[in-house]
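Peer 1: Just one file: entry.tsv, with TSV, N, CA and C atoms.
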```tsv
chain	number	residue	atom	x	y	z
A	1	MET	N	13.33	-10.44	-15.81
A	1	MET	CA	13.49	-9.91	-14.46
A	1	MET	C	12.95	-8.48	-14.43
A	2	VAL	N	12.15	-8.18	-13.43
A	2	VAL	CA	11.56	-6.86	-13.28
A	2	VAL	C	12.60	-5.92	-12.65
A	3	GLU	N	12.69	-4.70	-13.19
A	3	GLU	CA	13.64	-3.72	-12.65
A	3	GLU	C	13.17	-3.25	-11.28
A	4	VAL	N	14.12	-3.10	-10.34
A	4	VAL	CA	13.82	-2.65	-8.98
A	4	VAL	C	14.37	-1.24	-8.80
A	5	LEU	N	13.49	-0.31	-8.44
A	5	LEU	CA	13.89	1.06	-8.13
A	5	LEU	C	13.89	1.21	-6.61
A	6	LYS	N	15.00	1.67	-6.04
A	6	LYS	CA	15.10	1.87	-4.61
A	6	LYS	C	14.80	3.33	-4.30
A	7	VAL	N	13.86	3.53	-3.38
A	7	VAL	CA	13.42	4.88	-3.03
A	7	VAL	C	13.75	5.13	-1.56
A	8	SER	N	14.28	6.30	-1.26
A	8	SER	CA	14.57	6.67	0.13
A	8	SER	C	13.64	7.82	0.54
A	9	SER	N	13.73	8.17	1.81
A	9	SER	CA	12.90	9.27	2.31
A	9	SER	C	13.32	10.61	1.71
A	10	LYS	N	14.53	10.66	1.13
A	10	LYS	CA	15.02	11.90	0.52
A	10	LYS	C	14.80	11.94	-0.99
A	11	SER	N	14.21	10.88	-1.55
A	11	SER	CA	13.96	10.84	-2.99
A	11	SER	C	12.93	11.88	-3.39
A	12	ASN	N	13.13	12.47	-4.57
A	12	ASN	CA	12.18	13.43	-5.11
A	12	ASN	C	11.06	12.66	-5.81
A	13	PRO	N	9.81	12.77	-5.34
A	13	PRO	CA	8.71	12.00	-5.93
A	13	PRO	C	8.53	12.23	-7.43
A	14	ASN	N	8.76	13.46	-7.91
A	14	ASN	CA	8.60	13.73	-9.35
A	14	ASN	C	9.67	12.99	-10.17
A	15	SER	N	10.89	12.95	-9.65
A	15	SER	CA	11.96	12.23	-10.34
A	15	SER	C	11.68	10.73	-10.36
A	16	VAL	N	11.24	10.20	-9.22
A	16	VAL	CA	10.91	8.77	-9.14
A	16	VAL	C	9.75	8.45	-10.07
A	17	ALA	N	8.76	9.35	-10.13
A	17	ALA	CA	7.61	9.14	-11.00
A	17	ALA	C	8.04	9.07	-12.47
A	18	GLY	N	8.97	9.93	-12.86
A	18	GLY	CA	9.47	9.90	-14.23
A	18	GLY	C	10.19	8.60	-14.54
A	19	ALA	N	10.99	8.12	-13.58
A	19	ALA	CA	11.67	6.84	-13.77
A	19	ALA	C	10.66	5.69	-13.85
A	20	LEU	N	9.66	5.73	-12.98
A	20	LEU	CA	8.61	4.70	-13.00
A	20	LEU	C	7.91	4.68	-14.36
A	21	ALA	N	7.51	5.85	-14.83
A	21	ALA	CA	6.79	5.93	-16.10
A	21	ALA	C	7.64	5.39	-17.25
A	22	GLY	N	8.94	5.73	-17.24
A	22	GLY	CA	9.83	5.26	-18.30
A	22	GLY	C	9.95	3.74	-18.31
A	23	VAL	N	10.17	3.15	-17.14
A	23	VAL	CA	10.31	1.70	-17.06
A	23	VAL	C	8.98	1.02	-17.40
A	24	LEU	N	7.87	1.59	-16.93
A	24	LEU	CA	6.55	1.00	-17.21
A	24	LEU	C	6.25	0.99	-18.71
A	25	ARG	N	6.56	2.09	-19.38
A	25	ARG	CA	6.32	2.15	-20.83
A	25	ARG	C	7.19	1.15	-21.57
A	26	GLN	N	8.40	0.92	-21.05
A	26	GLN	CA	9.35	0.03	-21.72
A	26	GLN	C	9.04	-1.44	-21.46
A	27	SER	N	8.77	-1.80	-20.20
A	27	SER	CA	8.62	-3.22	-19.88
A	27	SER	C	7.26	-3.60	-19.30
A	28	GLY	N	6.43	-2.62	-18.93
A	28	GLY	CA	5.08	-2.93	-18.44
A	28	GLY	C	5.00	-3.17	-16.95
A	29	ALA	N	6.15	-3.28	-16.26
A	29	ALA	CA	6.13	-3.52	-14.81
A	29	ALA	C	7.44	-3.04	-14.20
A	30	VAL	N	7.37	-2.69	-12.92
A	30	VAL	CA	8.55	-2.26	-12.17
A	30	VAL	C	8.28	-2.54	-10.70
A	31	GLU	N	9.33	-2.75	-9.91
A	31	GLU	CA	9.20	-2.88	-8.47
A	31	GLU	C	9.88	-1.71	-7.80
A	32	VAL	N	9.24	-1.20	-6.76
A	32	VAL	CA	9.79	-0.12	-5.96
A	32	VAL	C	10.09	-0.70	-4.59
A	33	GLN	N	11.33	-0.54	-4.13
A	33	GLN	CA	11.73	-1.08	-2.83
A	33	GLN	C	12.00	0.05	-1.86
A	34	VAL	N	11.42	-0.06	-0.65
A	34	VAL	CA	11.58	0.98	0.36
A	34	VAL	C	11.86	0.35	1.72
A	35	VAL	N	12.55	1.10	2.57
A	35	VAL	CA	12.74	0.73	3.96
A	35	VAL	C	12.39	1.97	4.78
A	36	GLY	N	11.37	1.86	5.60
A	36	GLY	CA	10.98	2.97	6.47
A	36	GLY	C	9.76	3.72	5.98
A	37	ALA	N	9.12	4.38	6.92
A	37	ALA	CA	7.88	5.10	6.64
A	37	ALA	C	8.09	6.28	5.70
A	38	GLY	N	9.18	7.02	5.88
A	38	GLY	CA	9.44	8.18	5.02
A	38	GLY	C	9.65	7.77	3.58
A	39	ALA	N	10.38	6.68	3.38
A	39	ALA	CA	10.62	6.19	2.03
A	39	ALA	C	9.32	5.69	1.40
A	40	LEU	N	8.50	5.01	2.19
A	40	LEU	CA	7.21	4.53	1.68
A	40	LEU	C	6.33	5.71	1.27
A	41	ASN	N	6.34	6.77	2.06
A	41	ASN	CA	5.57	7.96	1.74
A	41	ASN	C	6.00	8.54	0.39
A	42	GLN	N	7.30	8.67	0.18
A	42	GLN	CA	7.81	9.22	-1.08
A	42	GLN	C	7.44	8.30	-2.25
A	43	ALA	N	7.52	7.00	-2.04
A	43	ALA	CA	7.21	6.04	-3.10
A	43	ALA	C	5.74	6.10	-3.50
A	44	VAL	N	4.86	6.19	-2.51
A	44	VAL	CA	3.42	6.24	-2.81
A	44	VAL	C	3.09	7.54	-3.55
A	45	LYS	N	3.71	8.64	-3.13
A	45	LYS	CA	3.49	9.90	-3.86
A	45	LYS	C	3.98	9.77	-5.30
A	46	ALA	N	5.12	9.14	-5.49
A	46	ALA	CA	5.67	8.96	-6.84
A	46	ALA	C	4.74	8.11	-7.70
A	47	ILE	N	4.18	7.07	-7.13
A	47	ILE	CA	3.26	6.20	-7.88
A	47	ILE	C	2.01	6.98	-8.28
A	48	ALA	N	1.50	7.80	-7.37
A	48	ALA	CA	0.32	8.62	-7.69
A	48	ALA	C	0.64	9.60	-8.83
A	49	ILE	N	1.82	10.20	-8.78
A	49	ILE	CA	2.23	11.13	-9.85
A	49	ILE	C	2.41	10.37	-11.16
A	50	ALA	N	3.03	9.20	-11.09
A	50	ALA	CA	3.27	8.39	-12.30
A	50	ALA	C	1.96	7.97	-12.96
A	51	ARG	N	0.93	7.73	-12.17
A	51	ARG	CA	-0.39	7.40	-12.75
A	51	ARG	C	-0.83	8.49	-13.71
A	52	GLY	N	-0.61	9.74	-13.30
A	52	GLY	CA	-0.96	10.86	-14.16
A	52	GLY	C	-0.09	10.93	-15.40
A	53	PHE	N	1.18	10.55	-15.27
A	53	PHE	CA	2.09	10.58	-16.42
A	53	PHE	C	1.69	9.56	-17.49
A	54	VAL	N	1.25	8.37	-17.06
A	54	VAL	CA	1.00	7.29	-18.02
A	54	VAL	C	-0.47	7.16	-18.41
A	55	ALA	N	-1.36	7.87	-17.73
A	55	ALA	CA	-2.79	7.77	-18.04
A	55	ALA	C	-3.11	8.14	-19.49
A	56	PRO	N	-2.48	9.18	-20.07
A	56	PRO	CA	-2.79	9.50	-21.48
A	56	PRO	C	-2.41	8.36	-22.44
A	57	SER	N	-1.54	7.46	-22.02
A	57	SER	CA	-1.16	6.31	-22.85
A	57	SER	C	-2.05	5.10	-22.58
A	58	ASN	N	-3.17	5.33	-21.91
A	58	ASN	CA	-4.11	4.26	-21.55
A	58	ASN	C	-3.46	3.18	-20.68
A	59	ILE	N	-2.57	3.59	-19.80
A	59	ILE	CA	-1.98	2.67	-18.83
A	59	ILE	C	-2.64	2.95	-17.49
A	60	ASP	N	-3.25	1.92	-16.91
A	60	ASP	CA	-3.94	2.03	-15.63
A	60	ASP	C	-3.09	1.30	-14.60
A	61	LEU	N	-2.39	2.05	-13.76
A	61	LEU	CA	-1.46	1.44	-12.81
A	61	LEU	C	-2.16	0.77	-11.65
A	62	VAL	N	-1.63	-0.38	-11.25
A	62	VAL	CA	-2.01	-1.04	-10.01
A	62	VAL	C	-0.74	-1.24	-9.21
A	63	CYS	N	-0.88	-1.32	-7.90
A	63	CYS	CA	0.25	-1.44	-7.00
A	63	CYS	C	-0.02	-2.57	-6.02
A	64	ILE	N	0.90	-3.53	-5.95
A	64	ILE	CA	0.74	-4.68	-5.07
A	64	ILE	C	1.89	-4.68	-4.06
A	65	PRO	N	1.58	-4.41	-2.78
A	65	PRO	CA	2.64	-4.36	-1.77
A	65	PRO	C	2.97	-5.75	-1.21
A	66	THR	N	4.26	-6.00	-0.95
A	66	THR	CA	4.70	-7.22	-0.29
A	66	THR	C	5.88	-6.87	0.62
A	67	PHE	N	6.16	-7.76	1.58
A	67	PHE	CA	7.33	-7.60	2.43
A	67	PHE	C	8.49	-8.38	1.83
A	68	ALA	N	9.70	-7.92	2.08
A	68	ALA	CA	10.90	-8.61	1.62
A	68	ALA	C	11.98	-8.47	2.68
A	69	ASP	N	12.68	-9.56	2.95
A	69	ASP	CA	13.82	-9.51	3.86
A	69	ASP	C	15.05	-9.19	3.04
A	70	ILE	N	15.73	-8.10	3.40
A	70	ILE	CA	16.92	-7.68	2.66
A	70	ILE	C	18.07	-7.48	3.63
A	71	GLU	N	19.27	-7.30	3.10
A	71	GLU	CA	20.43	-7.03	3.93
A	71	GLU	C	21.03	-5.69	3.53
A	72	ILE	N	21.23	-4.84	4.54
A	72	ILE	CA	21.85	-3.52	4.32
A	72	ILE	C	23.01	-3.40	5.29
A	73	ASP	N	24.20	-3.20	4.76
A	73	ASP	CA	25.41	-3.07	5.59
A	73	ASP	C	25.56	-4.24	6.57
A	74	GLY	N	25.26	-5.44	6.11
A	74	GLY	CA	25.41	-6.63	6.93
A	74	GLY	C	24.29	-6.86	7.92
A	75	GLN	N	23.28	-5.98	7.94
A	75	GLN	CA	22.16	-6.13	8.86
A	75	GLN	C	20.91	-6.55	8.10
A	76	SER	N	20.16	-7.48	8.68
A	76	SER	CA	18.91	-7.92	8.08
A	76	SER	C	17.83	-6.88	8.36
A	77	ARG	N	17.13	-6.48	7.31
A	77	ARG	CA	16.06	-5.47	7.43
A	77	ARG	C	14.83	-5.97	6.70
A	78	THR	N	13.68	-5.46	7.07
A	78	THR	CA	12.45	-5.77	6.36
A	78	THR	C	12.12	-4.58	5.46
A	79	ALA	N	12.00	-4.86	4.18
A	79	ALA	CA	11.64	-3.83	3.21
A	79	ALA	C	10.22	-4.06	2.74
A	80	ILE	N	9.66	-3.05	2.14
A	80	ILE	CA	8.37	-3.19	1.45
A	80	ILE	C	8.67	-3.05	-0.03
A	81	ARG	N	8.18	-4.00	-0.80
A	81	ARG	CA	8.30	-3.93	-2.25
A	81	ARG	C	6.93	-3.67	-2.83
A	82	LEU	N	6.86	-2.66	-3.68
A	82	LEU	CA	5.61	-2.30	-4.35
A	82	LEU	C	5.74	-2.70	-5.81
A	83	ALA	N	5.01	-3.73	-6.20
A	83	ALA	CA	4.98	-4.13	-7.61
A	83	ALA	C	4.02	-3.18	-8.31
A	84	VAL	N	4.51	-2.45	-9.29
A	84	VAL	CA	3.71	-1.46	-10.01
A	84	VAL	C	3.63	-1.92	-11.45
A	85	GLU	N	2.41	-2.07	-11.95
A	85	GLU	CA	2.25	-2.55	-13.32
A	85	GLU	C	0.94	-2.07	-13.91
A	86	ASP	N	0.83	-2.21	-15.21
A	86	ASP	CA	-0.39	-1.86	-15.93
A	86	ASP	C	-1.44	-2.93	-15.64
A	87	ARG	N	-2.64	-2.50	-15.28
A	87	ARG	CA	-3.71	-3.45	-14.97
A	87	ARG	C	-3.94	-4.42	-16.13
A	88	ALA	N	-3.90	-3.93	-17.35
A	88	ALA	CA	-4.11	-4.79	-18.52
A	88	ALA	C	-2.97	-5.81	-18.65
A	89	HIS	N	-1.74	-5.39	-18.36
A	89	HIS	CA	-0.58	-6.30	-18.40
A	89	HIS	C	-0.76	-7.41	-17.38
A	90	ARG	N	-1.25	-7.05	-16.21
A	90	ARG	CA	-1.46	-8.03	-15.13
A	90	ARG	C	-2.54	-9.02	-15.51
A	91	GLN	N	-3.64	-8.55	-16.07
A	91	GLN	CA	-4.74	-9.44	-16.47
A	91	GLN	C	-4.31	-10.34	-17.61
A	92	ALA	N	-3.52	-9.80	-18.55
A	92	ALA	CA	-3.07	-10.60	-19.69
A	92	ALA	C	-2.15	-11.72	-19.25
A	93	SER	N	-1.40	-11.51	-18.15
A	93	SER	CA	-0.49	-12.55	-17.69
A	93	SER	C	-1.22	-13.65	-16.93
A	94	GLY	N	-2.52	-13.45	-16.67
A	94	GLY	CA	-3.31	-14.47	-16.00
A	94	GLY	C	-3.17	-14.49	-14.50
A	95	GLU	N	-2.53	-13.51	-13.92
A	95	GLU	CA	-2.29	-13.53	-12.48
A	95	GLU	C	-3.55	-13.24	-11.67
A	96	LEU	N	-4.56	-12.64	-12.29
A	96	LEU	CA	-5.78	-12.32	-11.55
A	96	LEU	C	-6.85	-13.39	-11.70
A	97	THR	N	-6.56	-14.47	-12.41
A	97	THR	CA	-7.59	-15.47	-12.67
A	97	THR	C	-7.73	-16.46	-11.52
A	98	ALA	N	-6.78	-16.51	-10.60
A	98	ALA	CA	-6.89	-17.44	-9.48
A	98	ALA	C	-8.00	-16.99	-8.56
A	99	PRO	N	-8.77	-17.95	-8.00
A	99	PRO	CA	-9.86	-17.55	-7.11
A	99	PRO	C	-9.30	-16.90	-5.84
A	100	VAL	N	-10.02	-15.93	-5.36
A	100	VAL	CA	-9.63	-15.23	-4.15
A	100	VAL	C	-10.21	-15.99	-2.96
A	101	LYS	N	-9.36	-16.32	-2.02
A	101	LYS	CA	-9.82	-17.02	-0.82
A	101	LYS	C	-10.33	-15.99	0.17
A	102	HIS	N	-11.60	-16.11	0.51
A	102	HIS	CA	-12.19	-15.19	1.46
A	102	HIS	C	-12.11	-15.77	2.86
A	103	LEU	N	-11.80	-14.95	3.82
A	103	LEU	CA	-11.74	-15.39	5.20
A	103	LEU	C	-13.14	-15.45	5.78
A	104	PRO	N	-13.38	-16.38	6.71
A	104	PRO	CA	-14.70	-16.43	7.34
A	104	PRO	C	-14.91	-15.18	8.18
A	105	PRO	N	-16.16	-14.82	8.42
A	105	PRO	CA	-16.41	-13.63	9.22
A	105	PRO	C	-15.92	-13.85	10.65
A	106	PRO	N	-15.52	-12.79	11.33
A	106	PRO	CA	-15.05	-12.94	12.71
A	106	PRO	C	-16.20	-13.37	13.62
A	107	PRO	N	-15.90	-14.04	14.73
A	107	PRO	CA	-16.97	-14.45	15.63
A	107	PRO	C	-17.66	-13.22	16.23
A	108	ALA	N	-18.92	-13.42	16.59
A	108	ALA	CA	-19.68	-12.32	17.18
A	108	ALA	C	-19.06	-11.94	18.52
A	109	PRO	N	-18.98	-10.65	18.81
A	109	PRO	CA	-18.39	-10.25	20.09
A	109	PRO	C	-19.27	-10.67	21.26
A	110	VAL	N	-18.63	-11.03	22.34
A	110	VAL	CA	-19.37	-11.40	23.55
A	110	VAL	C	-19.60	-10.12	24.33
A	111	ALA	N	-20.88	-9.85	24.56
A	111	ALA	CA	-21.23	-8.61	25.25
A	111	ALA	C	-21.10	-8.78	26.75
A	112	ALA	N	-20.51	-7.82	27.40
A	112	ALA	CA	-20.42	-7.82	28.86
A	112	ALA	C	-21.78	-7.44	29.42
A	113	PRO	N	-22.13	-7.96	30.59
A	113	PRO	CA	-23.43	-7.60	31.16
A	113	PRO	C	-23.49	-6.09	31.43
A	114	VAL	N	-24.62	-5.54	31.10
A	114	VAL	CA	-24.82	-4.10	31.28
A	114	VAL	C	-25.48	-3.88	32.62
A	115	PRO	N	-24.88	-3.06	33.49
A	115	PRO	CA	-25.50	-2.83	34.80
A	115	PRO	C	-26.80	-2.04	34.63
A	116	PRO	N	-27.73	-2.25	35.53
A	116	PRO	CA	-28.99	-1.50	35.43
A	116	PRO	C	-28.72	-0.02	35.61
A	117	PRO	N	-29.57	0.83	35.04
A	117	PRO	CA	-29.34	2.26	35.18
A	117	PRO	C	-29.45	2.70	36.63
A	118	ALA	N	-28.63	3.65	37.02
A	118	ALA	CA	-28.65	4.15	38.39
A	118	ALA	C	-29.92	4.97	38.61
A	119	GLN	N	-30.45	4.85	39.81
A	119	GLN	CA	-31.64	5.63	40.16
A	119	GLN	C	-31.23	7.07	40.41
A	120	ALA	N	-31.99	7.96	39.81
A	120	ALA	CA	-31.71	9.37	40.01
A	120	ALA	C	-32.22	9.78	41.39
A	121	VAL	N	-31.39	10.41	42.17
A	121	VAL	CA	-31.77	10.87	43.49
A	121	VAL	C	-31.89	12.38	43.42
A	122	ALA	N	-33.02	12.84	43.81
A	122	ALA	CA	-33.24	14.29	43.77
A	122	ALA	C	-32.48	14.94	44.93
A	123	ALA	N	-31.67	15.89	44.61
A	123	ALA	CA	-30.93	16.63	45.63
A	123	ALA	C	-31.83	17.74	46.18
A	124	PRO	N	-31.74	17.98	47.47
A	124	PRO	CA	-32.57	19.06	48.02
A	124	PRO	C	-32.14	20.41	47.45
A	125	LEU	N	-33.08	21.24	47.21
A	125	LEU	CA	-32.79	22.57	46.68
A	125	LEU	C	-32.34	23.48	47.82
A	126	LEU	N	-31.25	24.12	47.62
A	126	LEU	CA	-30.75	25.07	48.61
A	126	LEU	C	-31.05	26.47	48.13
A	127	ARG	N	-31.67	27.23	49.02
A	127	ARG	CA	-32.00	28.59	48.65
A	127	ARG	C	-31.39	29.56	49.58
```
As structure tokens, how would this structure be written, given the file I've shared?

Peer 2:
Amino acid sequence: MVEVLKVSSKSNPNSVAGALAGVLRQSGAVEVQVVGAGALNQAVKAIAIARGFVAPSNIDLVCIPTFADIEIDGQSRTAIRLAVEDRAHRQASGELTAPVKHLPPPPAPVAAPVPPPAQAVAAPLLR
């Protein structure tokens, strides 16, 4: 089971980054769970800082965002979970070997008829 770190808008990004780096070095993967834009901002800053912490150990972090339905104080909420792991760990587990399904290109936009240019009317000069 991957450890889940809960981040709030009041979390210190440097502290979260240290926790991320510790769990990543120990198990190779961690999930960060957030609710709200402020919490997501702090989490993304922490992940960016953690990349710098683990880079000397040849760990290349990747982040995969997903939605999760959670319950807080009896209320259903939508959270964002950021799976953070070493790129090499992810490739070794075979998760990137599945073919990527590409979406077809969007249909060409239908252009509205363009009205003809207006005729310029010379205004009389007033002197």

Peer 1: Do a neighbour search on Met1 (chain A) at 12 Å with only C-alpha atoms, toss out local chain neighbours closer than 2 positions, and write the hits as an mmCIF file with N, CA and C atoms, keeping the file's coordinate frame.

Peer 2:
```cif
data_model
loop_
_atom_site.group_PDB
_atom_site.id
_atom_site.type_symbol
_atom_site.label_atom_id
_atom_site.label_comp_id
_atom_site.auth_asym_id
_atom_site.auth_seq_id
_atom_site.Cartn_x
_atom_site.Cartn_y
_atom_site.Cartn_z
ATOM 1 N N GLU A 3 12.690 -4.700 -13.190
ATOM 2 C CA GLU A 3 13.640 -3.720 -12.650
ATOM 3 C C GLU A 3 13.170 -3.250 -11.280
ATOM 4 N N VAL A 4 14.120 -3.100 -10.340
ATOM 5 C CA VAL A 4 13.820 -2.650 -8.980
ATOM 6 C C VAL A 4 14.370 -1.240 -8.800
ATOM 7 N N SER A 27 8.770 -1.800 -20.200
ATOM 8 C CA SER A 27 8.620 -3.220 -19.880
ATOM 9 C C SER A 27 7.260 -3.600 -19.300
ATOM 10 N N GLY A 28 6.430 -2.620 -18.930
ATOM 11 C CA GLY A 28 5.080 -2.930 -18.440
ATOM 12 C C GLY A 28 5.000 -3.170 -16.950
ATOM 13 N N ALA A 29 6.150 -3.280 -16.260
ATOM 14 C CA ALA A 29 6.130 -3.520 -14.810
ATOM 15 C C ALA A 29 7.440 -3.040 -14.200
ATOM 16 N N VAL A 30 7.370 -2.690 -12.920
ATOM 17 C CA VAL A 30 8.550 -2.260 -12.170
ATOM 18 C C VAL A 30 8.280 -2.540 -10.700
ATOM 19 N N GLU A 31 9.330 -2.750 -9.910
ATOM 20 C CA GLU A 31 9.200 -2.880 -8.470
ATOM 21 C C GLU A 31 9.880 -1.710 -7.800
#
```

Peer 1: Atom C of Leu20 (chain A) and atom C of Ala48 (chain A), how far apart in Å?

Peer 2: 10.4 Å

Peer 1: Among region 23-69 of chain A, which ones does DSSP place in alpha helix (DSSP H), written as a list in words?

Peer 2: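 Here are the alpha helix (DSSP H) residues of region 23-69 of chain A: Val23, Leu24, Arg25, Gln26, Ser27, Ala37, Gly38, Ala39, Leu40, Asn41, Gln42, Ala43, Val44, Lys45, Ala46, Ile47, Ala48, Ile49, Ala50, Arg51, Gly52, Phe53 and Val54 of chain A.
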
Peer 1: Which polymer residues have any atom within 6.5 Å of an atom of region 80-87 of chain A, counting all atoms listed in the file, with same-chain residues fewer than 3 positions away left out, as a list in words?

Peer 2: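 So, after excluding close chain neighbours, the residues are Gly28, Ala29, Val30, Glu31, Val32, Gln33, Val34, Val35, Gly36, Ile59, Asp60, Leu61, Val62, Cys63, Ile64, Pro65, Thr66, Phe67, Ala68, Arg90, Gln91 and Ala92 of chain A.
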
Peer 1: State, in Å with one decimal place, the distance from CA of Val44 (chain A) to CA of Pro13 (chain A).

Peer 2: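 Interatomic distance here is 8.4 Å.
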
Peer 1: For a quick check of understanding, using only N, CA and C atoms, which of A:Ala79, A:Ala50, A:Asp73, A:Pro113 has the smallest distance to Gly18 (chain A)?

Peer 2: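 Using only N, CA and C atoms, Gly18 (chain A) sits closest to A:Ala50.
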
Peer 1: Taking the backbone alone, and naming residues the way the document does, which bits of region 36-102 of chain A are strand (DSSP E) by DSSP, as a PDB file with N, CA and C atoms, in the coordinates of the input?

Peer 2:
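result39.pdb, written as the output of this step:
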```pdb
ATOM      1  N   LEU A  61      -2.390   2.050 -13.760  1.00  0.00           N
ATOM      2  CA  LEU A  61      -1.460   1.440 -12.810  1.00  0.00           C
ATOM      3  C   LEU A  61      -2.160   0.770 -11.650  1.00  0.00           C
ATOM      4  N   VAL A  62      -1.630  -0.380 -11.250  1.00  0.00           N
ATOM      5  CA  VAL A  62      -2.010  -1.040 -10.010  1.00  0.00           C
ATOM      6  C   VAL A  62      -0.740  -1.240  -9.210  1.00  0.00           C
ATOM      7  N   CYS A  63      -0.880  -1.320  -7.900  1.00  0.00           N
ATOM      8  CA  CYS A  63       0.250  -1.440  -7.000  1.00  0.00           C
ATOM      9  C   CYS A  63      -0.020  -2.570  -6.020  1.00  0.00           C
ATOM     10  N   ILE A  64       0.900  -3.530  -5.950  1.00  0.00           N
ATOM     11  CA  ILE A  64       0.740  -4.680  -5.070  1.00  0.00           C
ATOM     12  C   ILE A  64       1.890  -4.680  -4.060  1.00  0.00           C
ATOM     13  N   PRO A  65       1.580  -4.410  -2.780  1.00  0.00           N
ATOM     14  CA  PRO A  65       2.640  -4.360  -1.770  1.00  0.00           C
ATOM     15  C   PRO A  65       2.970  -5.750  -1.210  1.00  0.00           C
ATOM     16  N   THR A  66       4.260  -6.000  -0.950  1.00  0.00           N
ATOM     17  CA  THR A  66       4.700  -7.220  -0.290  1.00  0.00           C
ATOM     18  C   THR A  66       5.880  -6.870   0.620  1.00  0.00           C
ATOM     19  N   PHE A  67       6.160  -7.760   1.580  1.00  0.00           N
ATOM     20  CA  PHE A  67       7.330  -7.600   2.430  1.00  0.00           C
ATOM     21  C   PHE A  67       8.490  -8.380   1.830  1.00  0.00           C
ATOM     22  N   ALA A  68       9.700  -7.920   2.080  1.00  0.00           N
ATOM     23  CA  ALA A  68      10.900  -8.610   1.620  1.00  0.00           C
ATOM     24  C   ALA A  68      11.980  -8.470   2.680  1.00  0.00           C
ATOM     25  N   ASP A  69      12.680  -9.560   2.950  1.00  0.00           N
ATOM     26  CA  ASP A  69      13.820  -9.510   3.860  1.00  0.00           C
ATOM     27  C   ASP A  69      15.050  -9.190   3.040  1.00  0.00           C
ATOM     28  N   ILE A  70      15.730  -8.100   3.400  1.00  0.00           N
ATOM     29  CA  ILE A  70      16.920  -7.680   2.660  1.00  0.00           C
ATOM     30  C   ILE A  70      18.070  -7.480   3.630  1.00  0.00           C
ATOM     31  N   GLU A  71      19.270  -7.300   3.100  1.00  0.00           N
ATOM     32  CA  GLU A  71      20.430  -7.030   3.930  1.00  0.00           C
ATOM     33  C   GLU A  71      21.030  -5.690   3.530  1.00  0.00           C
ATOM     34  N   ILE A  72      21.230  -4.840   4.540  1.00  0.00           N
ATOM     35  CA  ILE A  72      21.850  -3.520   4.320  1.00  0.00           C
ATOM     36  C   ILE A  72      23.010  -3.400   5.290  1.00  0.00           C
ATOM     37  N   GLN A  75      23.280  -5.980   7.940  1.00  0.00           N
ATOM     38  CA  GLN A  75      22.160  -6.130   8.860  1.00  0.00           C
ATOM     39  C   GLN A  75      20.910  -6.550   8.100  1.00  0.00           C
ATOM     40  N   SER A  76      20.160  -7.480   8.680  1.00  0.00           N
ATOM     41  CA  SER A  76      18.910  -7.920   8.080  1.00  0.00           C
ATOM     42  C   SER A  76      17.830  -6.880   8.360  1.00  0.00           C
ATOM     43  N   ARG A  77      17.130  -6.480   7.310  1.00  0.00           N
ATOM     44  CA  ARG A  77      16.060  -5.470   7.430  1.00  0.00           C
ATOM     45  C   ARG A  77      14.830  -5.970   6.700  1.00  0.00           C
ATOM     46  N   THR A  78      13.680  -5.460   7.070  1.00  0.00           N
ATOM     47  CA  THR A  78      12.450  -5.770   6.360  1.00  0.00           C
ATOM     48  C   THR A  78      12.120  -4.580   5.460  1.00  0.00           C
ATOM     49  N   ALA A  79      12.000  -4.860   4.180  1.00  0.00           N
ATOM     50  CA  ALA A  79      11.640  -3.830   3.210  1.00  0.00           C
ATOM     51  C   ALA A  79      10.220  -4.060   2.740  1.00  0.00           C
ATOM     52  N   ILE A  80       9.660  -3.050   2.140  1.00  0.00           N
ATOM     53  CA  ILE A  80       8.370  -3.190   1.450  1.00  0.00           C
ATOM     54  C   ILE A  80       8.670  -3.050  -0.030  1.00  0.00           C
ATOM     55  N   ARG A  81       8.180  -4.000  -0.800  1.00  0.00           N
ATOM     56  CA  ARG A  81       8.300  -3.930  -2.250  1.00  0.00           C
ATOM     57  C   ARG A  81       6.930  -3.670  -2.830  1.00  0.00           C
ATOM     58  N   LEU A  82       6.860  -2.660  -3.680  1.00  0.00           N
ATOM     59  CA  LEU A  82       5.610  -2.300  -4.350  1.00  0.00           C
ATOM     60  C   LEU A  82       5.740  -2.700  -5.810  1.00  0.00           C
ATOM     61  N   ALA A  83       5.010  -3.730  -6.200  1.00  0.00           N
ATOM     62  CA  ALA A  83       4.980  -4.130  -7.610  1.00  0.00           C
ATOM     63  C   ALA A  83       4.020  -3.180  -8.310  1.00  0.00           C
ATOM     64  N   VAL A  84       4.510  -2.450  -9.290  1.00  0.00           N
ATOM     65  CA  VAL A  84       3.710  -1.460 -10.010  1.00  0.00           C
ATOM     66  C   VAL A  84       3.630  -1.920 -11.450  1.00  0.00           C
ATOM     67  N   GLU A  85       2.410  -2.070 -11.950  1.00  0.00           N
ATOM     68  CA  GLU A  85       2.250  -2.550 -13.320  1.00  0.00           C
ATOM     69  C   GLU A  85       0.940  -2.070 -13.910  1.00  0.00           C
ATOM     70  N   ASP A  86       0.830  -2.210 -15.210  1.00  0.00           N
ATOM     71  CA  ASP A  86      -0.390  -1.860 -15.930  1.00  0.00           C
ATOM     72  C   ASP A  86      -1.440  -2.930 -15.640  1.00  0.00           C
TER      73      ASP A  86
END
```

Peer 1: For Ile49 (chain A), find every residue with an atom within 7 Å (counting all atoms listed in the file), except residues of its own chain fewer than 2 positions away, and show them as a PyMOL selection string.

Peer 2: chain A and resi 13-14+17-18+44-47+51-54

Peer 1: Which distance in Å separates atom N of Ala55 (chain A) and atom N of Leu24 (chain A), to one decimal?

Peer 2: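 Separation between atom N of Ala55 (chain A) and atom N of Leu24 (chain A): 11.2 Å.
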
Peer 1: Return the padded bounding box of region 48-53 of chain A as AutoDock Vina command-line options: axis-aligned, built from all atoms listed in the file, 4 Å added on each side, with centre and edge lengths in Å to one decimal.

Peer 2:
```
--center_x 1.2 --center_y 9.3 --center_z -12.4 --size_x 12.2 --size_y 11.7 --size_z 18.1
```
